[in-house]
Each structure stands twice: as structure tokens, then as C-alpha cells.
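Peer 1: Handing you this structure, nothing more for now.
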Amino acid sequence: MKTIAFSILFMLTSITACTQEKKDNSPDVLLKKKTIKSVPFLTKQNDFIYVDKTSLKAVTNQKFRTASLLTPTGFAIVENDKNEYAAIDENGKIVLDFSASEINLNVINGLTFYKRDLEYVKKMPIWKWDWNILGGGIQKEKNYHNIEIGVVETKQILLHKDVPYLDDSYYLNFIPVDENHIFWNGTLYEIKKNRLNKIEHNITELLENKRFIKASNAGFSIYELNHKKPIHNGLKGVDTLSMQFEKETIVLNEINKERYTPEVPKLLLDSETNAVYPFPQYEKVFPKEITKATAKQIDFIRKTTLVYSITNSPYFLLGVFNYDHAIWAFDWLYIDTKGTVVDTIDTYNFKVMDQVGNLVWPDRKMILPNRYMDKNWKFGKINSYEGMGDLYIIPIEDEKQFRTKGLWNRHEHIWEIKPEYHEISVLNTENQIYALQKEQGGLYALYDNKNKQYIGSKAYQSINSDGLVTVKLNEEQTIYYYIDICSGKEYKEN
């Protein structure tokens, strides 16, 4: 039995729903979710059927080669014995017909978006043949993808096209702007009667608070939702900053340098007012004058190479790259909108990531101060995901070059999970459910960090956050089925 070749996408915090009370401040869009009572169940014949998750009684007589969990909106992806895929509703009715196209689903704002993807070989016209002048023949064919993206509930098709394999950049990365608006593929949509209507297009970047950036030959403009005129117009990208301190003009010429040029520059200048708006939200003006700073701080500022705006605060982040003891890191200062420079600030809901998604700020010394660590430790790339708050997964290498990972609580200054594991996988952030692998190549066990206890009595080759697990029966046979990651209950026939 092969692994499931389709997927359903959710935010990490809601991938597998554990029993919990509804919160009063939940957004209205959550009310569109259905109560899902059935799950895919593996039989002794290696078929999947859908059963009631409590009683384990079959809810339909349909059998599938593979099957997914139902989305919060009540849809699932199934595979038949012909290696064809379809989408069904909670009653087993087919809503996307069986075909060779692989299917993905993603639920946003109570709507179920799908992507059908079929890879095929396309014969090319002679002027598009690849000629190998060093020998090896002529490539007359190329791999293509036939892609369709749409809405399951209304059958609305948002995109249907054939694209070369290497040019396939269409994903179900829909972003909710509010309960009535969605951003996708450079376009802002309004939702009416479960259909998407374009209201803005050619958007370069979506910002917080219903704001977005458009690019043109005249530069960059920042807009607000439901406002036709831009908040800021004709902004230009710059890579220098200047600040006045007493009688000196401090000019920073090496700001936010990156290996690849970003689509939107990290500093945007309003040429009429000379106001500079820094990345990532471009929501406030960098101060033109330093009003309060020590001589040491001024010396630091002259060497600054990174300037970011700290969201939901009056501060900007100032960084100086520092290679210290074989650790690539930054040293930090902070300046507010009035020009006051400080060494430290209160905690804000803000993280700085580099181009490949590694955490830059807060850095290791802020998260795990030196007084809580062994002097011989070295550190890898620290990870933290949305919903984890002050919890961080920290890789450590000791003096014997033995590598482990632990879960550190930055606020309490304690190891929630001691650094004794080869791998720690995040399965559910709200309920703090993790999969722990003690040794490399070993099995994964479910762990409830809130209650400090293991879940169930079994361990698995792998555990996905949707509850899909793999179990190796022997050298030649591996099976796949679902479990409830919050209780350890297995959905398979004994």
C-alpha cells in the first residue's frame, strides 16, 4: 500500500482538532465549520472506509485505496484502485470526479479551495527543441503540468492552464484579509454567496491591517482595503538612511543587503516628504533625527547594517552583524519614532526571519541566556511556529559533537522538553502536542506537553499533524492509517 499522494492544507494550529471549548472571541468565519463526526478507517483488507469516530461504525459502504480526513467544511480526497483521485463530501457523494490528477484542498474563510494537478509529457514544436551541441541527442518533449484551481462549494474555477514543470508556481496559499476578503496570486477577492469576485489585481505584497502594496513604473504605492486612493504614492526603493545627531549627519550606506533582490525594497522613500518607511509593514516613518543616545550607541548606529520596523510598537530594530566564536549573529539596538535610542525593549509579537526562514531576532542569547546553558554547547537554527508563543525548539551540540533538540520556554526559563531528543516535531500548537524521536532512525512517540505525559502506548515510523501515521510491519511492508493525536486512538481494524 503506497503513501497517500494528496494533501489537505490547514494552519498548523488547527490541523488536528482536539476537544476544546469555543472561545467567545472566535472570529465569525469559524462558525462556518461543520461538526465532523467521521474519519477514514483502515480495514484488514487494507481498504479505507469512513466510520463514526466515536462508535467506529461505518457511515457509508464505500471502500477506497486511500482516504483523507474530512476538512472542517466536510470534504475529503479519496483514491480508487485505478490510481485515480476524487473529492467527496461527508455523505460520500463525489464532488470532484475521479481522474489521474492529484488533488489538494485548503479551507479559508469557510470555503474549500481545490487544486487539481496532472503532470504529462508534451511534444514541442521544432523551434522549441533543446539541441545538445555536445551530443546526447535532441530533446523534443518537455514535462508540463495541467493545473486547475477553484472553489469546491460553487465549482467556480479561478485558474485553469498548462504550465512547464519548472514554471509551476501555483499553490493554494490563500490568505484571509477579513471574513469577506481573500488574497491570492496577486489578486484581492471579495466573497459573495460563496463566490470570489476580483476587486484588486496586480498586488505586489499584502500587508497587515487590510493594507497592500502595488508596483508600477512610478514606484510603489500603499493602499487600504475599500479605498481607491493610495495612502502613500510614488514610493521609491532606497538602500541608504541618514539621521541627524546634533551637528553630525549619520549616513548608513549598507542597509538590509540581501543575496537576492526582494520584489519590494526593504526601505521605501516618499520623495516629497523624504520620509522612509521600513520593512516589513511599512507602517511608520523612520526618525530623521536622533534625539537621545549615548556615545557608545552612536558608534553602534554608524555600523548598522539591518533596519526593520517592529510591528505593533513604536520601535525600529537596528542590527550590526557580528561573527563571534563561530556563531553568525547580530548585535541589537532600538530606536523609536521620536529618535530615542535604547539598549532593550519590552517583548513584542515580532520575529525577524532571514531569506530562507531562519530565526534572526529574537536571537539565541535573548531566548536562552548564557546563564542557563552549558559553556560547551553550540547551537543550530532555532525554530518557533505560529501559536507557540514563548516556546522554541533549540538544537544543541555538546563537547562530544552529540546533537539533540529540546523545547525551551523563554518566559519561564525552563526546558519544557529536555534536550535529549534527536527530533521534536510540532503537531498541534494550541494543545502543545509533539512527536518525539529519541534516537536517529528511531520511532516517534506522541507527547502532551501541557500535561507532561506521553499519549497512548504505541510509537510510529512517522506521525503527521493530521494524524496520519506509518507503521513498518516488516522489511517489505509499511502501512498507513490515522490516529487521534490528542488521545492516541487508532482508526484501524485490529
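Please note that chains go A, B, ... in the order of the C-alpha cells, that every chain numbers its residues from 1, and that ligands are numbered from 1 in the order shown.
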Would you please give, as number ranges by chain, all residues of stretch 365-469 of chain A that DSSP assigns to strand (DSSP E) based on the backbone?

Peer 2: A: 378-379, 391-397, 403-409, 414-421, 423-428, 433-437, 444-448, 453-460, 462-463, 468-469

Peer 1: For A:Leu96, list every protein, DNA or RNA residue within 10 Å, evaluated using only C-alpha atoms, and leave out those in the same chain fewer than 5 positions away; present the list as a PyMOL selection string.

Peer 2: chain A and resi 77+85-89+103+114+116+152+155

Peer 1: Could those residues be written to a file, using C-alpha atoms, as a short mmCIF file (atom, residue, chain, number, x, y, z; two decimals), in the first residue's frame?

Peer 2:
data_model
loop_
_atom_site.label_atom_id
_atom_site.label_comp_id
_atom_site.auth_asym_id
_atom_site.auth_seq_id
_atom_site.Cartn_x
_atom_site.Cartn_y
_atom_site.Cartn_z
CA ILE A 77 -9.91 13.26 -1.02
CA TYR A 85 -8.36 10.71 -7.23
CA ALA A 86 -11.65 12.37 -6.36
CA ALA A 87 -13.14 14.63 -3.72
CA ILE A 88 -16.22 13.53 -1.79
CA ASP A 89 -18.50 15.18 0.76
CA ILE A 103 -5.85 16.88 -5.62
CA TYR A 114 -9.00 22.79 -4.52
CA ARG A 116 -6.04 19.51 -9.46
CA VAL A 152 -15.47 23.17 -4.28
CA LYS A 155 -17.47 24.86 -8.73
#

Peer 1: Taking only C-alpha atoms into account, name the residue in A:Val320, A:Asn226, A:Glu386, A:Ala67 that is nearest to A:Asn349.

Peer 2: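 Checking each candidate against A:Asn349, we get A:Glu386 as the closest.
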
Peer 1: Using only C-alpha atoms, which residue out of A:Phe330, A:Leu269, A:Arg302, A:Phe48 lies closest to A:Thr249?

Peer 2: A:Arg302

Peer 1: My list of candidates is A:His232, A:Lys257, A:Lys288, A:Lys405. Which is closest to A:Phe321 when distances are computed with only C-alpha atoms?

Peer 2: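 Counting only C-alpha atoms, the residue closest to A:Phe321 is A:Lys257.
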
Peer 1: May I ask for the distance between atom CA of A:Pro362 and atom CA of A:Asp336, given in Å to one decimal place?

Peer 2: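 Taking atom CA of A:Pro362 and atom CA of A:Asp336, their separation equals 17.8 Å.
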
Peer 1: Between A:Pro314, A:Pro164, A:Gly219, A:Pro369, which is the closest to A:Ile345 once you count only C-alpha atoms?

Peer 2: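 Under the stated criterion, the closest residue is A:Pro314.
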
Peer 1: Give me, please, the distance in Å between atom CA of A:Asp354 and atom CA of A:Pro280, quoted to one decimal.

Peer 2: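 These atoms are spaced 12.1 Å apart.
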
Peer 1: Find the distance between atom CA of A:Pro265 and atom CA of A:Leu235 and write it in Å to one decimal.

Peer 2: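 If I compute the distance from atom CA of A:Pro265 to atom CA of A:Leu235, I get 10.1 Å.
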
Peer 1: Please provide the set of residues having any atom within 7 Å of stretch 174-186 of chain A, restricted to only C-alpha atoms, with same-chain residues fewer than 4 positions apart removed, written as a ChimeraX atom specification.

Peer 2: /A:29,108-109,190-191,201-204,210

Peer 1: Do a neighbour search on stretch 138-141 of chain A at 9 Å with only C-alpha atoms, toss out local chain neighbours closer than 4 positions, and write the hits as a count of residues only.

Peer 2: 11

Peer 1: Pick out the closest residue to A:Thr429 from this set: A:Lys115, A:Arg410, A:Lys450, A:Arg65. Count only C-alpha atoms.

Peer 2: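 Closest to A:Thr429 of all the choices is A:Lys450.
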
Peer 1: Check the smallest atom-to-atom distance from each of A:Ile222, A:Asp466, A:Met373, A:Thr404 to A:Glu439 using only C-alpha atoms, then report the winner.

Peer 2: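 Looking at the shortest contact to A:Glu439, the residue is A:Thr404.
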
Peer 1: Near stretch 468-472 of chain A, within 10 Å and counting only C-alpha atoms, which residues show up once chain neighbours fewer than 2 positions away are dropped, as a PyMOL selection string?

Peer 2: chain A and resi 3-4+68-69+443-444+459-466+474-485+490-491
